[in-house]
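Note sheet for the following structure.
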Amino acid sequence: MPELPEVENVRNGLKKLILGKIIIDTHVLWSNIIKEPSVSEFQKKMRGQKIVDIKRQGKFLLFILNDYVLISHLRMEGKYRIEKATVPLTKHTHVVFELDSDEQLRYLDVRKFGKMSLVDKDKLHLHPSIKNLGPEPTVETLKTEDLIKALKKTERPIKACLLDQKTVAGIGNIYADEILYDAYIHPERKGNSLSSDEIEKLKTSIIGIMSDAVEKGGTTIRTYSNAFGVEGNYQSYLNVYGKKDETCQRCQHKIEKIKVAQRGTHYCPHCQKIGR
DNA sequence: CAAGAGGCCTGTTAGC
DNA sequence: TGCTAACAGGCCTCTT
């Protein structure tokens, strides 16, 4: 499931291939992917737009066009592929952008969970998906004060706080588990129960894990791979996610899997204590 | 306002 | 073995 590191790698790959290309026409094969505007309006507005830049905010991919921004969220299994127009469409292709290069930018999504919105360029920062996103997880953008503010008054489990995109943008289920393991914090600890030292450690882990994952090309599990079918490497560095009943590398105790905020959650009960 | 539940989807896996 | 049911999961919408 693409989280920030995977989306960042998709962005870099797409930039190399389609920057400066013009969208001749758009075909929508599953209309629920297009959140706004209507499909016909979407097609009309896209026609003739040039792909000027590709950016990212949290897990949202932003195609910067002449007049609009295409906000694209891959959710669980969304992928982009570039193909020659003559290559037959595969089963899970839902949106096709015809480019001026005889190629097509294709959006594939097995579960059809992904969403696209086309918004006016000057209204991007007002869009509900974008305007509530918290800081990006880098040294320059994520401050201790941000975390203190987000956590000090909430009884929610820290895992739920990390998954909330208002706290930090771009963390999903895999990296939330990895971050909490790295910071020695139990996923069910209440937000307001963390000490200053723990918040400081959490910040360091958030920034460290996310940048490391970006650098290693993201995590490839199950069906996920980036725009070119290239796989990331970070799955080899996971410590707890998907490691139920395996041995903790730090203390040799067994990794456990529980449910927190309705999400599968992996942790080491010895390294990440609930009390204290 | 905060926070939890339900809905969107389909391929894979667990269980009878 | 062959079927059905549960599960996976990010975000939005609705409810409390």
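Lettering and numbering for the structure tokens are positional, with chains as A, B, ... in the shown order, residues counted from 1 in each chain, and ligands counted from 1 in the shown order.
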
For segment 105-115 of chain A, work out the shell of residues within 9 Å, counting only C-alpha atoms (C1' of nucleotides) and skipping chain neighbours fewer than 4 positions away, then give it as a compact mmCIF listing (two decimals) with C-alpha atoms (C1' of nucleotides), in the first residue's frame.
# COMPACT_ATOMS: atom_id res chain seq x y z
CA ILE A 18 6.02 12.33 -18.86
CA TRP A 30 -14.51 3.18 -13.78
CA ASN A 32 -15.91 6.19 -9.17
CA ILE A 33 -12.17 6.84 -9.45
CA ILE A 34 -12.99 10.42 -10.48
CA LYS A 35 -14.13 12.17 -7.35
CA ILE A 71 -4.75 15.37 -7.21
CA SER A 72 -4.29 11.59 -7.27
CA HIS A 73 -4.39 9.20 -4.33
CA LEU A 74 -3.31 5.61 -4.95
CA ARG A 75 -4.87 4.29 -1.71
CA MET A 76 -4.07 0.60 -1.45
CA GLU A 77 -3.07 -0.66 -4.84
CA GLY A 78 -3.16 2.19 -7.34
CA LYS A 79 -0.37 2.24 -9.93
CA TYR A 80 0.62 4.25 -12.95
CA ARG A 81 2.02 2.72 -16.11
CA ILE A 82 3.26 4.26 -19.33
CA GLU A 83 2.48 2.16 -22.39
CA LYS A 84 2.51 2.56 -26.14
CA LEU A 89 -5.38 -2.62 -21.82
CA THR A 90 -5.19 -5.00 -18.91
CA LYS A 91 -8.04 -5.96 -16.61
CA HIS A 92 -7.58 -3.43 -13.84
CA THR A 93 -7.01 -0.32 -15.95
CA HIS A 94 -9.53 2.35 -14.98
CA VAL A 95 -8.28 5.64 -16.39
CA VAL A 96 -6.29 6.23 -19.59
CA PHE A 97 -4.62 9.52 -20.51
CA GLU A 98 -3.62 9.76 -24.17
CA LEU A 99 -0.39 11.70 -24.52
C1' DC B 8 -15.88 1.74 -0.91
C1' DC B 9 -13.58 -2.82 -3.53
C1' DT B 10 -11.62 -7.50 -4.89
C1' DG B 11 -7.92 -10.97 -4.42
C1' DG C 10 -6.74 4.96 3.58

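Residues in contact range of Gln249 of chain A, defined as at most 12 Å between only C-alpha atoms (C1' of nucleotides), with sequence neighbours fewer than 2 positions away removed, read A:Tyr181, A:Asp182, A:Tyr237, A:Leu238, A:Asn239, A:Val240, A:Lys243, A:Glu246, A:Thr247, A:Cys251, A:Gln252, A:His253, A:Lys254, A:Ile255, A:Tyr267, A:Cys268, A:His270, A:Cys271.
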
Considering only alpha helix (DSSP H) as DSSP defines it on the backbone, what residues of segment 42-197 of chain A qualify? List them as number ranges by chain.
A: 42-46, 128-131, 144-151, 158-163, 173-182, 196-197

Take the residues from that selection and write them out as a compact mmCIF listing (two decimals), in the first residue's frame, keeping N, CA and C atoms.
# COMPACT_ATOMS: atom_id res chain seq x y z
N PHE A 42 -14.35 16.59 -16.26
CA PHE A 42 -12.96 16.15 -16.05
C PHE A 42 -12.26 15.97 -17.40
N GLN A 43 -12.92 15.24 -18.30
CA GLN A 43 -12.34 14.98 -19.62
C GLN A 43 -12.14 16.28 -20.41
N LYS A 44 -13.14 17.13 -20.32
CA LYS A 44 -13.10 18.39 -21.06
C LYS A 44 -11.95 19.27 -20.59
N LYS A 45 -11.82 19.38 -19.26
CA LYS A 45 -10.77 20.24 -18.70
C LYS A 45 -9.37 19.68 -18.94
N MET A 46 -9.23 18.37 -18.95
CA MET A 46 -7.91 17.75 -19.13
C MET A 46 -7.37 17.92 -20.55
N PRO A 128 -10.06 20.25 0.57
CA PRO A 128 -10.13 19.57 1.87
C PRO A 128 -9.10 18.45 2.06
N SER A 129 -8.75 17.75 0.99
CA SER A 129 -7.77 16.67 1.12
C SER A 129 -6.39 17.23 1.46
N ILE A 130 -6.11 18.41 0.97
CA ILE A 130 -4.77 18.99 1.08
C ILE A 130 -4.62 19.91 2.28
N LYS A 131 -5.66 20.68 2.53
CA LYS A 131 -5.49 21.75 3.53
C LYS A 131 -5.32 21.24 4.96
N THR A 144 9.26 19.50 17.00
CA THR A 144 8.82 18.88 18.25
C THR A 144 7.50 19.49 18.71
N GLU A 145 7.42 20.82 18.56
CA GLU A 145 6.22 21.55 18.98
C GLU A 145 4.96 21.03 18.27
N ASP A 146 5.09 20.64 16.98
CA ASP A 146 3.96 20.09 16.23
C ASP A 146 3.42 18.83 16.90
N LEU A 147 4.34 17.96 17.31
CA LEU A 147 3.92 16.70 17.93
C LEU A 147 3.33 16.94 19.31
N ILE A 148 3.92 17.82 20.07
CA ILE A 148 3.39 18.13 21.40
C ILE A 148 1.95 18.62 21.28
N LYS A 149 1.74 19.51 20.33
CA LYS A 149 0.41 20.08 20.11
C LYS A 149 -0.60 19.01 19.70
N ALA A 150 -0.18 18.09 18.84
CA ALA A 150 -1.09 17.06 18.35
C ALA A 150 -1.40 16.00 19.40
N LEU A 151 -0.47 15.78 20.32
CA LEU A 151 -0.61 14.66 21.24
C LEU A 151 -1.07 15.01 22.65
N ILE A 158 -1.48 6.16 20.39
CA ILE A 158 -0.47 6.84 19.59
C ILE A 158 -0.46 6.34 18.15
N LYS A 159 -0.78 5.05 17.96
CA LYS A 159 -0.83 4.52 16.60
C LYS A 159 -1.88 5.26 15.75
N ALA A 160 -3.07 5.49 16.37
CA ALA A 160 -4.13 6.23 15.66
C ALA A 160 -3.68 7.65 15.35
N CYS A 161 -2.94 8.26 16.27
CA CYS A 161 -2.44 9.63 16.05
C CYS A 161 -1.48 9.67 14.86
N LEU A 162 -0.63 8.65 14.74
CA LEU A 162 0.33 8.62 13.63
C LEU A 162 -0.36 8.40 12.29
N LEU A 163 -1.44 7.63 12.30
CA LEU A 163 -2.18 7.38 11.05
C LEU A 163 -3.01 8.59 10.64
N ASN A 173 0.02 2.42 7.57
CA ASN A 173 0.05 1.34 8.56
C ASN A 173 1.41 0.66 8.73
N ILE A 174 2.11 0.47 7.64
CA ILE A 174 3.42 -0.19 7.72
C ILE A 174 4.41 0.66 8.52
N TYR A 175 4.55 1.93 8.10
CA TYR A 175 5.56 2.78 8.73
C TYR A 175 5.17 3.20 10.15
N ALA A 176 3.87 3.27 10.45
CA ALA A 176 3.46 3.57 11.82
C ALA A 176 4.00 2.50 12.76
N ASP A 177 3.86 1.23 12.38
CA ASP A 177 4.37 0.14 13.21
C ASP A 177 5.89 0.19 13.32
N GLU A 178 6.56 0.46 12.21
CA GLU A 178 8.02 0.50 12.22
C GLU A 178 8.55 1.67 13.06
N ILE A 179 7.87 2.81 12.97
CA ILE A 179 8.28 4.00 13.72
C ILE A 179 8.14 3.76 15.23
N LEU A 180 7.00 3.17 15.65
CA LEU A 180 6.78 2.95 17.07
C LEU A 180 7.75 1.91 17.64
N TYR A 181 8.09 0.94 16.82
CA TYR A 181 9.09 -0.05 17.24
C TYR A 181 10.43 0.64 17.43
N ASP A 182 10.80 1.46 16.47
CA ASP A 182 12.08 2.17 16.51
C ASP A 182 12.17 3.09 17.73
N SER A 196 8.22 14.02 27.41
CA SER A 196 8.98 14.86 26.48
C SER A 196 10.06 14.06 25.78
N ASP A 197 10.73 13.21 26.54
CA ASP A 197 11.79 12.39 25.95
C ASP A 197 11.24 11.44 24.88

For chain C, list the residues within 10 Å of chain A, counting only C-alpha atoms (C1' of nucleotides), and write the list as an NGL selection string.
:C and (8-12)

How about saving the chosen residues, all heavy atoms kept, as an mmCIF file, in the first residue's frame?
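result34.cif, written as the output of this step:
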data_model
loop_
_atom_site.group_PDB
_atom_site.id
_atom_site.type_symbol
_atom_site.label_atom_id
_atom_site.label_comp_id
_atom_site.auth_asym_id
_atom_site.auth_seq_id
_atom_site.Cartn_x
_atom_site.Cartn_y
_atom_site.Cartn_z
ATOM 1 P P DA C 8 -6.850 -8.328 9.119
ATOM 2 O OP1 DA C 8 -5.759 -8.821 9.972
ATOM 3 O OP2 DA C 8 -7.927 -7.483 9.679
ATOM 4 O "O5'" DA C 8 -6.220 -7.546 7.890
ATOM 5 C "C5'" DA C 8 -5.327 -8.198 6.998
ATOM 6 C "C4'" DA C 8 -5.187 -7.336 5.770
ATOM 7 O "O4'" DA C 8 -6.325 -7.567 4.921
ATOM 8 C "C3'" DA C 8 -5.215 -5.846 6.097
ATOM 9 O "O3'" DA C 8 -3.885 -5.343 6.094
ATOM 10 C "C2'" DA C 8 -6.024 -5.218 4.966
ATOM 11 C "C1'" DA C 8 -6.603 -6.389 4.199
ATOM 12 N N9 DA C 8 -8.052 -6.345 4.050
ATOM 13 C C8 DA C 8 -8.985 -6.075 5.011
ATOM 14 N N7 DA C 8 -10.218 -6.116 4.575
ATOM 15 C C5 DA C 8 -10.083 -6.429 3.226
ATOM 16 C C6 DA C 8 -11.005 -6.610 2.198
ATOM 17 N N6 DA C 8 -12.316 -6.514 2.368
ATOM 18 N N1 DA C 8 -10.531 -6.912 0.964
ATOM 19 C C2 DA C 8 -9.219 -7.024 0.793
ATOM 20 N N3 DA C 8 -8.249 -6.874 1.683
ATOM 21 C C4 DA C 8 -8.754 -6.572 2.896
ATOM 22 P P DG C 9 -3.526 -4.219 7.124
ATOM 23 O OP1 DG C 9 -2.051 -4.227 7.157
ATOM 24 O OP2 DG C 9 -4.323 -4.355 8.363
ATOM 25 O "O5'" DG C 9 -4.038 -2.925 6.374
ATOM 26 C "C5'" DG C 9 -3.478 -2.575 5.109
ATOM 27 C "C4'" DG C 9 -4.339 -1.518 4.499
ATOM 28 O "O4'" DG C 9 -5.608 -2.086 4.124
ATOM 29 C "C3'" DG C 9 -4.655 -0.349 5.448
ATOM 30 O "O3'" DG C 9 -4.275 0.862 4.831
ATOM 31 C "C2'" DG C 9 -6.155 -0.398 5.628
ATOM 32 C "C1'" DG C 9 -6.598 -1.116 4.364
ATOM 33 N N9 DG C 9 -7.920 -1.753 4.468
ATOM 34 C C8 DG C 9 -8.648 -1.988 5.594
ATOM 35 N N7 DG C 9 -9.814 -2.507 5.364
ATOM 36 C C5 DG C 9 -9.860 -2.634 3.998
ATOM 37 C C6 DG C 9 -10.882 -3.126 3.150
ATOM 38 O O6 DG C 9 -11.987 -3.570 3.468
ATOM 39 N N1 DG C 9 -10.523 -3.089 1.815
ATOM 40 C C2 DG C 9 -9.328 -2.627 1.347
ATOM 41 N N2 DG C 9 -9.142 -2.661 0.029
ATOM 42 N N3 DG C 9 -8.351 -2.156 2.110
ATOM 43 C C4 DG C 9 -8.697 -2.185 3.423
ATOM 44 P P DG C 10 -3.640 1.998 5.720
ATOM 45 O OP1 DG C 10 -2.208 1.838 5.498
ATOM 46 O OP2 DG C 10 -4.187 2.039 7.086
ATOM 47 O "O5'" DG C 10 -4.152 3.289 4.964
ATOM 48 C "C5'" DG C 10 -3.716 3.515 3.619
ATOM 49 C "C4'" DG C 10 -4.459 4.688 3.050
ATOM 50 O "O4'" DG C 10 -5.809 4.290 2.744
ATOM 51 C "C3'" DG C 10 -4.586 5.887 3.971
ATOM 52 O "O3'" DG C 10 -4.539 7.048 3.153
ATOM 53 C "C2'" DG C 10 -5.939 5.709 4.643
ATOM 54 C "C1'" DG C 10 -6.740 4.958 3.580
ATOM 55 N N9 DG C 10 -7.630 3.911 4.087
ATOM 56 C C8 DG C 10 -7.405 3.065 5.130
ATOM 57 N N7 DG C 10 -8.367 2.189 5.312
ATOM 58 C C5 DG C 10 -9.279 2.487 4.306
ATOM 59 C C6 DG C 10 -10.525 1.877 3.985
ATOM 60 O O6 DG C 10 -11.083 0.921 4.539
ATOM 61 N N1 DG C 10 -11.132 2.491 2.893
ATOM 62 C C2 DG C 10 -10.600 3.542 2.203
ATOM 63 N N2 DG C 10 -11.313 4.000 1.177
ATOM 64 N N3 DG C 10 -9.440 4.113 2.480
ATOM 65 C C4 DG C 10 -8.842 3.544 3.546
ATOM 66 P P DC C 11 -4.585 8.480 3.820
ATOM 67 O OP1 DC C 11 -3.715 9.292 2.971
ATOM 68 O OP2 DC C 11 -4.368 8.390 5.272
ATOM 69 O "O5'" DC C 11 -6.069 8.963 3.562
ATOM 70 C "C5'" DC C 11 -6.513 9.074 2.210
ATOM 71 C "C4'" DC C 11 -8.013 9.070 2.183
ATOM 72 O "O4'" DC C 11 -8.513 7.877 2.798
ATOM 73 C "C3'" DC C 11 -8.649 10.234 2.937
ATOM 74 O "O3'" DC C 11 -9.329 11.027 1.982
ATOM 75 C "C2'" DC C 11 -9.630 9.571 3.906
ATOM 76 C "C1'" DC C 11 -9.785 8.175 3.329
ATOM 77 N N1 DC C 11 -10.146 7.121 4.302
ATOM 78 C C2 DC C 11 -11.306 6.388 4.092
ATOM 79 O O2 DC C 11 -11.995 6.632 3.106
ATOM 80 N N3 DC C 11 -11.642 5.419 4.988
ATOM 81 C C4 DC C 11 -10.862 5.179 6.043
ATOM 82 N N4 DC C 11 -11.226 4.225 6.883
ATOM 83 C C5 DC C 11 -9.658 5.924 6.272
ATOM 84 C C6 DC C 11 -9.340 6.890 5.380
ATOM 85 P P DC C 12 -9.865 12.489 2.409
ATOM 86 O OP1 DC C 12 -9.393 13.425 1.383
ATOM 87 O OP2 DC C 12 -9.603 12.749 3.842
ATOM 88 O "O5'" DC C 12 -11.427 12.283 2.245
ATOM 89 C "C5'" DC C 12 -11.927 11.633 1.079
ATOM 90 C "C4'" DC C 12 -13.367 11.237 1.343
ATOM 91 O "O4'" DC C 12 -13.408 10.088 2.223
ATOM 92 C "C3'" DC C 12 -14.179 12.335 2.020
ATOM 93 O "O3'" DC C 12 -15.389 12.513 1.304
ATOM 94 C "C2'" DC C 12 -14.417 11.816 3.434
ATOM 95 C "C1'" DC C 12 -14.357 10.304 3.239
ATOM 96 N N1 DC C 12 -13.901 9.557 4.441
ATOM 97 C C2 DC C 12 -14.638 8.446 4.872
ATOM 98 O O2 DC C 12 -15.654 8.126 4.226
ATOM 99 N N3 DC C 12 -14.215 7.750 5.952
ATOM 100 C C4 DC C 12 -13.102 8.123 6.605
ATOM 101 N N4 DC C 12 -12.735 7.405 7.658
ATOM 102 C C5 DC C 12 -12.341 9.256 6.191
ATOM 103 C C6 DC C 12 -12.776 9.941 5.111
#
